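Data from input16.cif: mmCIF, C-alpha atoms
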data_start
loop_
_atom_site.label_atom_id
_atom_site.label_comp_id
_atom_site.auth_asym_id
_atom_site.auth_seq_id
_atom_site.Cartn_x
_atom_site.Cartn_y
_atom_site.Cartn_z
CA MET H 1 -14.45 5.57 235.56
CA THR H 2 -11.60 3.19 234.85
CA LEU H 3 -13.09 2.15 231.51
CA LEU H 4 -12.02 5.25 229.60
CA PRO H 5 -8.26 4.83 230.22
CA VAL H 6 -8.52 1.16 229.22
CA LEU H 7 -10.33 2.02 225.99
CA ALA H 8 -7.85 4.82 225.23
CA GLU H 9 -4.96 2.40 225.68
CA GLN H 10 -6.64 -0.22 223.48
CA ILE H 11 -7.24 2.39 220.77
CA ARG H 12 -3.56 3.33 220.91
CA TYR H 13 -2.57 -0.31 220.45
CA LEU H 14 -4.96 -0.75 217.53
CA VAL H 15 -3.83 2.46 215.78
CA GLY H 16 -0.29 1.08 215.82
CA ILE H 17 -1.43 -2.29 214.47
CA PHE H 18 -3.43 -0.61 211.69
CA ALA H 19 -0.52 1.66 210.82
CA ILE H 20 1.95 -1.20 210.46
CA LEU H 21 -0.53 -3.32 208.48
CA ASN H 22 -1.04 -0.31 206.18
CA PRO H 23 -3.64 -1.94 203.90
CA LEU H 24 -3.76 1.19 201.70
CA GLY H 25 -0.05 0.80 200.99
CA ALA H 26 -0.62 -2.84 200.05
CA ILE H 27 -3.16 -1.95 197.33
CA PRO H 28 -0.65 -1.59 194.45
CA ILE H 29 0.98 -4.95 195.21
CA TYR H 30 -2.42 -6.63 195.68
CA LEU H 31 -3.68 -5.31 192.35
CA SER H 32 -0.51 -6.33 190.52
CA LEU H 33 -0.71 -9.88 191.91
CA ALA H 34 -4.45 -10.20 191.22
CA ALA H 35 -4.47 -8.44 187.85
CA ASP H 36 -5.38 -11.56 185.82
CA ARG H 37 -7.93 -12.95 188.29
CA ARG H 38 -11.71 -12.94 188.01
CA PRO H 39 -13.72 -10.55 190.25
CA GLU H 40 -15.17 -13.38 192.36
CA GLU H 41 -11.68 -14.80 192.86
CA MET H 42 -10.43 -11.39 193.99
CA ARG H 43 -13.30 -11.18 196.48
CA ARG H 44 -12.39 -14.59 197.92
CA THR H 45 -8.75 -13.55 198.11
CA ALA H 46 -9.63 -10.36 200.01
CA LEU H 47 -11.72 -12.28 202.55
CA LYS H 48 -9.17 -15.06 203.00
CA THR H 49 -6.37 -12.51 203.45
CA ALA H 50 -8.31 -10.63 206.14
CA VAL H 51 -9.11 -13.85 208.03
CA ALA H 52 -5.46 -14.94 207.85
CA VAL H 53 -4.31 -11.55 209.19
CA ALA H 54 -6.70 -11.86 212.14
CA VAL H 55 -5.61 -15.43 212.90
CA ILE H 56 -1.89 -14.60 212.71
CA LEU H 57 -2.14 -11.60 215.03
CA ILE H 58 -4.47 -13.31 217.51
CA LEU H 59 -2.05 -16.24 217.71
CA ALA H 60 0.72 -13.73 218.44
CA VAL H 61 -1.38 -12.20 221.24
CA TRP H 62 -1.89 -15.53 223.03
CA ALA H 63 1.33 -17.36 222.18
CA GLY H 64 3.78 -14.46 222.34
CA ASP H 65 4.66 -14.66 226.04
CA ALA H 66 5.13 -18.44 225.90
CA LEU H 67 7.42 -18.09 222.89
CA LEU H 68 9.53 -15.44 224.60
CA SER H 69 9.80 -17.61 227.72
CA PHE H 70 10.81 -20.63 225.64
CA PHE H 71 13.74 -18.72 224.13
CA GLY H 72 14.57 -16.97 227.39
CA ILE H 73 13.90 -13.51 225.96
CA GLY H 74 12.75 -10.79 228.33
CA VAL H 75 9.98 -8.42 227.33
CA PRO H 76 12.21 -5.31 227.65
CA ALA H 77 14.73 -6.78 225.20
CA PHE H 78 11.92 -7.77 222.86
CA ARG H 79 10.52 -4.23 223.03
CA ILE H 80 13.88 -2.84 221.93
CA ALA H 81 14.24 -5.38 219.11
CA GLY H 82 10.63 -4.96 218.02
CA GLY H 83 10.91 -1.19 218.17
CA LEU H 84 14.03 -1.28 216.00
CA LEU H 85 12.28 -3.48 213.44
CA VAL H 86 9.22 -1.23 213.41
CA LEU H 87 11.45 1.83 213.01
CA ILE H 88 13.15 0.27 209.97
CA ILE H 89 9.74 -0.41 208.42
CA ALA H 90 8.60 3.14 209.26
CA ILE H 91 11.66 4.68 207.58
CA THR H 92 10.95 2.81 204.35
CA MET H 93 7.33 3.97 204.57
CA PHE H 94 8.56 7.58 204.64
CA ASN H 95 9.93 6.88 201.17
CA ALA H 96 6.61 5.26 200.16
CA ARG H 97 8.29 1.91 199.68
CA THR H 98 7.65 -1.58 201.05
CA SER H 99 10.35 -2.71 203.46
CA THR H 100 12.22 -5.89 202.54
CA ALA H 101 11.42 -6.99 206.11
CA ARG H 102 7.84 -7.30 204.86
CA HIS H 103 8.09 -8.23 201.19
CA THR H 104 11.06 -8.87 198.91
CA GLU H 105 11.36 -8.86 195.13
CA GLU H 106 11.95 -12.63 195.21
CA GLU H 107 8.70 -13.14 197.11
CA GLN H 108 6.93 -10.91 194.61
CA ALA H 109 8.20 -12.99 191.68
CA GLU H 110 7.25 -16.24 193.41
CA ALA H 111 3.78 -14.94 194.27
CA GLU H 112 3.04 -14.05 190.65
CA SER H 113 3.24 -17.74 189.74
CA LYS H 114 1.02 -18.94 192.61
CA ASN H 115 -2.66 -19.74 192.37
CA ASP H 116 -3.46 -18.73 195.95
CA ILE H 117 -1.85 -15.48 197.10
CA ALA H 118 -4.11 -14.77 200.08
CA VAL H 119 -2.08 -16.24 202.95
CA VAL H 120 1.37 -15.98 201.37
CA PRO H 121 2.45 -13.33 200.50
CA LEU H 122 -0.53 -11.03 201.17
CA ALA H 123 -1.38 -11.92 204.79
CA ILE H 124 2.18 -12.81 205.69
CA PRO H 125 4.64 -11.21 205.26
CA LEU H 126 3.12 -8.25 203.38
CA LEU H 127 0.45 -7.28 205.94
CA ALA H 128 0.93 -9.28 209.16
CA GLY H 129 4.70 -9.51 208.86
CA PRO H 130 7.41 -9.58 211.55
CA GLY H 131 6.79 -5.96 212.54
CA ALA H 132 3.05 -6.43 213.06
CA ILE H 133 3.61 -9.68 214.96
CA SER H 134 6.21 -8.02 217.21
CA LEU H 135 3.88 -5.12 217.92
CA ALA H 136 1.00 -7.50 218.72
CA VAL H 137 3.17 -9.44 221.20
CA VAL H 138 4.30 -6.27 222.98
CA ASP H 139 0.80 -4.77 223.05
CA ALA H 140 -0.67 -8.03 224.38
CA HIS H 141 1.88 -8.00 227.21
CA GLN H 142 0.95 -4.39 227.96
CA ALA H 143 -2.77 -5.30 227.97
CA GLY H 144 -1.91 -7.78 230.72
CA SER H 145 -5.19 -9.24 231.95
CA PHE H 146 -7.25 -11.91 230.21
CA SER H 147 -10.09 -9.44 229.61
CA GLY H 148 -7.65 -6.89 228.25
CA ARG H 149 -6.32 -9.40 225.73
CA LEU H 150 -9.84 -10.40 224.74
CA LEU H 151 -10.65 -6.75 224.08
CA PHE H 152 -7.44 -6.39 222.08
CA CYS H 153 -8.35 -9.46 220.00
CA ALA H 154 -11.79 -8.01 219.33
CA GLY H 155 -10.07 -4.88 218.05
CA ILE H 156 -7.80 -6.98 215.83
CA ILE H 157 -10.87 -8.63 214.30
CA GLY H 158 -12.26 -5.14 213.63
CA ILE H 159 -9.02 -4.11 211.92
CA ALA H 160 -9.07 -7.32 209.86
CA ALA H 161 -12.57 -6.32 208.73
CA ILE H 162 -11.15 -2.97 207.58
CA VAL H 163 -8.37 -4.83 205.74
CA TRP H 164 -11.03 -6.91 203.98
CA LEU H 165 -12.98 -3.79 203.03
CA VAL H 166 -9.89 -2.02 201.68
CA LEU H 167 -8.86 -5.02 199.58
CA ARG H 168 -12.44 -5.60 198.48
CA LEU H 169 -12.55 -2.00 197.20
CA ALA H 170 -8.91 -1.90 196.11
CA GLU H 171 -9.60 -0.94 192.50
CA PRO H 172 -11.90 2.06 193.18
CA ILE H 173 -9.72 3.20 196.11
CA GLY H 174 -6.60 2.99 193.94
CA GLU H 175 -8.27 4.91 191.14
CA ARG H 176 -9.66 7.58 193.48
CA LEU H 177 -6.50 8.18 195.53
CA GLY H 178 -3.97 7.53 192.79
CA THR H 179 -0.29 6.89 193.45
CA GLY H 180 0.16 10.25 195.18
CA GLY H 181 -2.72 9.71 197.60
CA LEU H 182 -1.60 6.19 198.50
CA ASN H 183 1.95 7.44 199.06
CA ILE H 184 0.75 10.23 201.35
CA ALA H 185 -1.27 7.72 203.40
CA THR H 186 1.78 5.46 203.64
CA ARG H 187 3.99 8.32 204.84
CA VAL H 188 1.45 9.33 207.52
CA MET H 189 1.33 5.72 208.75
CA GLY H 190 5.13 5.69 208.73
CA LEU H 191 5.25 8.79 210.93
CA ILE H 192 2.89 7.20 213.47
CA LEU H 193 4.94 4.01 213.44
CA ALA H 194 8.24 5.85 213.88
CA ALA H 195 6.97 7.60 216.99
CA MET H 196 5.65 4.31 218.41
CA ALA H 197 8.93 2.56 217.60
CA VAL H 198 10.94 5.18 219.50
CA GLN H 199 8.57 4.83 222.46
CA LEU H 200 8.91 1.03 222.39
CA MET H 201 12.70 1.24 222.42
CA ALA H 202 12.68 3.89 225.16
CA ASP H 203 10.40 1.76 227.37
CA GLY H 204 12.63 -1.26 226.81
CA LEU H 205 15.80 0.65 227.64
CA LEU H 206 14.27 2.13 230.80
CA ALA H 207 13.17 -1.34 231.94
CA LEU H 208 16.65 -2.77 231.34
CA PHE H 209 18.54 0.24 232.70
CA PRO H 210 16.37 2.01 235.34
CA GLY H 211 19.23 4.43 236.03
CA LEU H 212 18.55 6.14 232.68
CA ALA H 213 15.40 7.67 234.18
CA ARG H 214 17.39 9.70 236.68
#
Could I get this file's structure written as structure tokens?
Amino acid sequence: MTLLPVLAEQIRYLVGIFAILNPLGAIPIYLSLAADRRPEEMRRTALKTAVAVAVILILAVWAGDALLSFFGIGVPAFRIAGGLLVLIIAITMFNARTSTARHTEEEQAEAESKNDIAVVPLAIPLLAGPGAISLAVVDAHQAGSFSGRLLFCAGIIGIAAIVWLVLRLAEPIGERLGTGGLNIATRVMGLILAAMAVQLMADGLLALFPGLAR
């Protein structure tokens, strides 16, 4: 009986992670960076990017609490800060743009001259950037128990598999959806993220100032 609420909560966490990764929104940048690469090289890049995304987020799940403790940062304060960062990213997604918190023009120019673009800039900061890492840390804290975190990590691996599939099929997806379709998907993800960001900040404020609930 208690399994359904746990699964529902895990699904909510994973929807937020998928929305902030937004692999569909990363397709144009991925294709522009990989335009002069051979098909087999693009396949390797897609796989390596997905693995790096999974590793980065799983590290955030298990090391997040220790890092916050090291810097003396409370979880409520981190929720507010993380929620604000996620909200900024969501607002730029409403305009179908990539936030500079995830990927800057300087990083784009540097990436175009690199041989290996899978880890930097594709995995980090474009996909698993500061916003995704912040969300993973907060969600891991919410999951609480060891088994809950293991289940969350399994979900992250599943999302990384979706990231791989999207990048692997980036060209046909881009052709089928077109710029308009990709922009619509990005705006929908932005709406989901904005709502989650507001909830994160509200939870953080209520934890810091319990009197606000009265």
**Report entry** Atom-to-atom span, CA of Ala143 in chain H and CA of Ile157 in chain H, Å
**Finding:**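 Interatomic distance, CA of Ala143 in chain H to CA of Ile157 in chain H: 16.2 Å.
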Which residues would end up in the selection if the PyMOL selection byres ((chain H and resi 14) around 9) were applied here, given that I need the answer as a ChimeraX atom specification? /H:9-13,15-19,139,152,155-156,159
Calculated over all atoms listed in the file, which of the candidates H:Gly82, H:Gly190, H:Gly174, H:Gly180 has the smallest distance to Tyr30 in chain H?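 Ranked by minimum distance to Tyr30 in chain H, first place goes to H:Gly174.
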Q.
From the options H:Ala194, H:Ala207, H:Val188, H:Ala160, which residue's atoms come nearest to Ala46 in chain H, counting all atoms listed in the file?
A.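 When distances to Ala46 in chain H are compared using all atoms listed in the file, the smallest one comes from H:Ala160.
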* To do: Find the residue from H:Leu135, H:Ile56, H:Ala140, H:Leu122 that sits nearest to Ala81 in chain H; use all atoms listed in the file when measuring.
  =>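 So, comparing all the options, the nearest one is H:Leu135.
Picture a line from CA of Ala128 in chain H to CA of Thr49 in chain H; it runs 9.8 Å.
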Across H:Leu24, H:Leu169, H:Leu200, H:Ala52, the smallest distance to Pro125 in chain H, with all atoms listed in the file counted, is shown by H:Ala52
Residue IDs satisfying the PyMOL selection byres ((chain H and resi 202) around 12), as a PyMOL selection string = chain H and resi 76-84+195-201+203-210+212-213
What is the distance between CA of Pro121 in chain H and CA of Leu193 in chain H, in Å to one decimal?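 It comes out at 21.8 Å.
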May I have the centre and edge lengths, in Å to one decimal, of an axis-aligned box around the listed atoms of range 18-22 of chain H with 5 Å added to every side, as AutoDock Vina command-line options?
--center_x -0.7 --center_y -0.8 --center_z 208.9 --size_x 15.4 --size_y 15.0 --size_z 15.5
(Q) Residues within 8 Å of Met189 in chain H, please, as an MDAnalysis selection string. Count only C-alpha atoms; anything in the same chain fewer than 6 positions from it doesn't count. (A) chainID H and resid 19:20 22 90 93
Range 94-97 of chain H: which residues within 6 Å, counting all atoms listed in the file, same-chain residues fewer than 2 positions away excluded, as a list in words?
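Once the nearby chain positions are removed, what remains is Ile91, Thr92, Asn183, Thr186, Arg187 and Gly190 of chain H.
With distances restricted to all atoms listed in the file, H:Asp116 is the closest residue to Arg37 in chain H from H:Gly64, H:Ala123, H:Val6, H:Asp116.
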Evaluate the PyMOL selection byres ((chain H and resi 44) around 12) and report residues as a ChimeraX atom specification:
/H:34,37-43,45-51,116-119,164-165,167-168
Keeping C-alpha atoms for every residue in the selection just given, could you write it to a file as a CSV table (one decimal), in the coordinates of the input?
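The resulting file, selection_28.csv, is reproduced below:
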chain,number,residue,atom,x,y,z
H,34,ALA,CA,-4.4,-10.2,191.2
H,37,ARG,CA,-7.9,-13.0,188.3
H,38,ARG,CA,-11.7,-12.9,188.0
H,39,PRO,CA,-13.7,-10.6,190.2
H,40,GLU,CA,-15.2,-13.4,192.4
H,41,GLU,CA,-11.7,-14.8,192.9
H,42,MET,CA,-10.4,-11.4,194.0
H,43,ARG,CA,-13.3,-11.2,196.5
H,45,THR,CA,-8.8,-13.6,198.1
H,46,ALA,CA,-9.6,-10.4,200.0
H,47,LEU,CA,-11.7,-12.3,202.6
H,48,LYS,CA,-9.2,-15.1,203.0
H,49,THR,CA,-6.4,-12.5,203.4
H,50,ALA,CA,-8.3,-10.6,206.1
H,51,VAL,CA,-9.1,-13.8,208.0
H,116,ASP,CA,-3.5,-18.7,196.0
H,117,ILE,CA,-1.8,-15.5,197.1
H,118,ALA,CA,-4.1,-14.8,200.1
H,119,VAL,CA,-2.1,-16.2,203.0
H,164,TRP,CA,-11.0,-6.9,204.0
H,165,LEU,CA,-13.0,-3.8,203.0
H,167,LEU,CA,-8.9,-5.0,199.6
H,168,ARG,CA,-12.4,-5.6,198.5
With distances taken over only C-alpha atoms, the candidate from H:Gly211, H:Pro28, H:Gly74, H:Pro5 nearest Val138 in chain H is H:Gly74
Just add N, CA and C atoms to range 147-172 of chain H and send it as a CSV table (one decimal), keeping the file's coordinate frame.
chain,number,residue,atom,x,y,z
H,147,SER,N,-9.0,-10.3,230.2
H,147,SER,CA,-10.1,-9.4,229.6
H,147,SER,C,-9.5,-8.4,228.7
H,148,GLY,N,-8.3,-7.9,229.1
H,148,GLY,CA,-7.6,-6.9,228.2
H,148,GLY,C,-7.2,-7.5,226.9
H,149,ARG,N,-6.7,-8.7,227.0
H,149,ARG,CA,-6.3,-9.4,225.7
H,149,ARG,C,-7.5,-9.7,224.9
H,150,LEU,N,-8.6,-10.1,225.5
H,150,LEU,CA,-9.8,-10.4,224.7
H,150,LEU,C,-10.3,-9.1,224.0
H,151,LEU,N,-10.2,-8.0,224.7
H,151,LEU,CA,-10.6,-6.8,224.1
H,151,LEU,C,-9.7,-6.4,222.9
H,152,PHE,N,-8.4,-6.6,223.1
H,152,PHE,CA,-7.4,-6.4,222.1
H,152,PHE,C,-7.7,-7.3,220.9
H,153,CYS,N,-8.0,-8.5,221.1
H,153,CYS,CA,-8.4,-9.5,220.0
H,153,CYS,C,-9.6,-9.0,219.2
H,154,ALA,N,-10.6,-8.5,220.0
H,154,ALA,CA,-11.8,-8.0,219.3
H,154,ALA,C,-11.4,-6.8,218.4
H,155,GLY,N,-10.5,-6.0,218.9
H,155,GLY,CA,-10.1,-4.9,218.0
H,155,GLY,C,-9.3,-5.4,216.8
H,156,ILE,N,-8.5,-6.4,217.0
H,156,ILE,CA,-7.8,-7.0,215.8
H,156,ILE,C,-8.8,-7.5,214.8
H,157,ILE,N,-9.8,-8.1,215.2
H,157,ILE,CA,-10.9,-8.6,214.3
H,157,ILE,C,-11.5,-7.4,213.6
H,158,GLY,N,-11.7,-6.3,214.3
H,158,GLY,CA,-12.3,-5.1,213.6
H,158,GLY,C,-11.3,-4.6,212.6
H,159,ILE,N,-10.0,-4.6,212.9
H,159,ILE,CA,-9.0,-4.1,211.9
H,159,ILE,C,-9.0,-5.0,210.7
H,160,ALA,N,-9.1,-6.4,211.0
H,160,ALA,CA,-9.1,-7.3,209.9
H,160,ALA,C,-10.3,-7.1,208.9
H,161,ALA,N,-11.4,-6.7,209.5
H,161,ALA,CA,-12.6,-6.3,208.7
H,161,ALA,C,-12.3,-5.1,207.8
H,162,ILE,N,-11.5,-4.1,208.4
H,162,ILE,CA,-11.2,-3.0,207.6
H,162,ILE,C,-10.2,-3.4,206.5
H,163,VAL,N,-9.3,-4.3,206.8
H,163,VAL,CA,-8.4,-4.8,205.7
H,163,VAL,C,-9.2,-5.5,204.6
H,164,TRP,N,-10.2,-6.3,205.0
H,164,TRP,CA,-11.0,-6.9,204.0
H,164,TRP,C,-11.7,-5.9,203.1
H,165,LEU,N,-12.3,-4.8,203.8
H,165,LEU,CA,-13.0,-3.8,203.0
H,165,LEU,C,-12.0,-3.0,202.1
H,166,VAL,N,-10.8,-2.7,202.5
H,166,VAL,CA,-9.9,-2.0,201.7
H,166,VAL,C,-9.5,-2.9,200.5
H,167,LEU,N,-9.2,-4.1,200.7
H,167,LEU,CA,-8.9,-5.0,199.6
H,167,LEU,C,-10.0,-5.3,198.7
H,168,ARG,N,-11.2,-5.4,199.3
H,168,ARG,CA,-12.4,-5.6,198.5
H,168,ARG,C,-12.7,-4.4,197.5
H,169,LEU,N,-12.4,-3.2,198.0
H,169,LEU,CA,-12.6,-2.0,197.2
H,169,LEU,C,-11.2,-1.5,196.7
H,170,ALA,N,-10.3,-2.3,196.5
H,170,ALA,CA,-8.9,-1.9,196.1
H,170,ALA,C,-8.9,-1.1,194.8
H,171,GLU,N,-9.6,-1.6,193.8
H,171,GLU,CA,-9.6,-0.9,192.5
H,171,GLU,C,-10.2,0.5,192.6
H,172,PRO,N,-11.4,0.7,193.1
H,172,PRO,CA,-11.9,2.1,193.2
H,172,PRO,C,-11.1,3.0,194.1
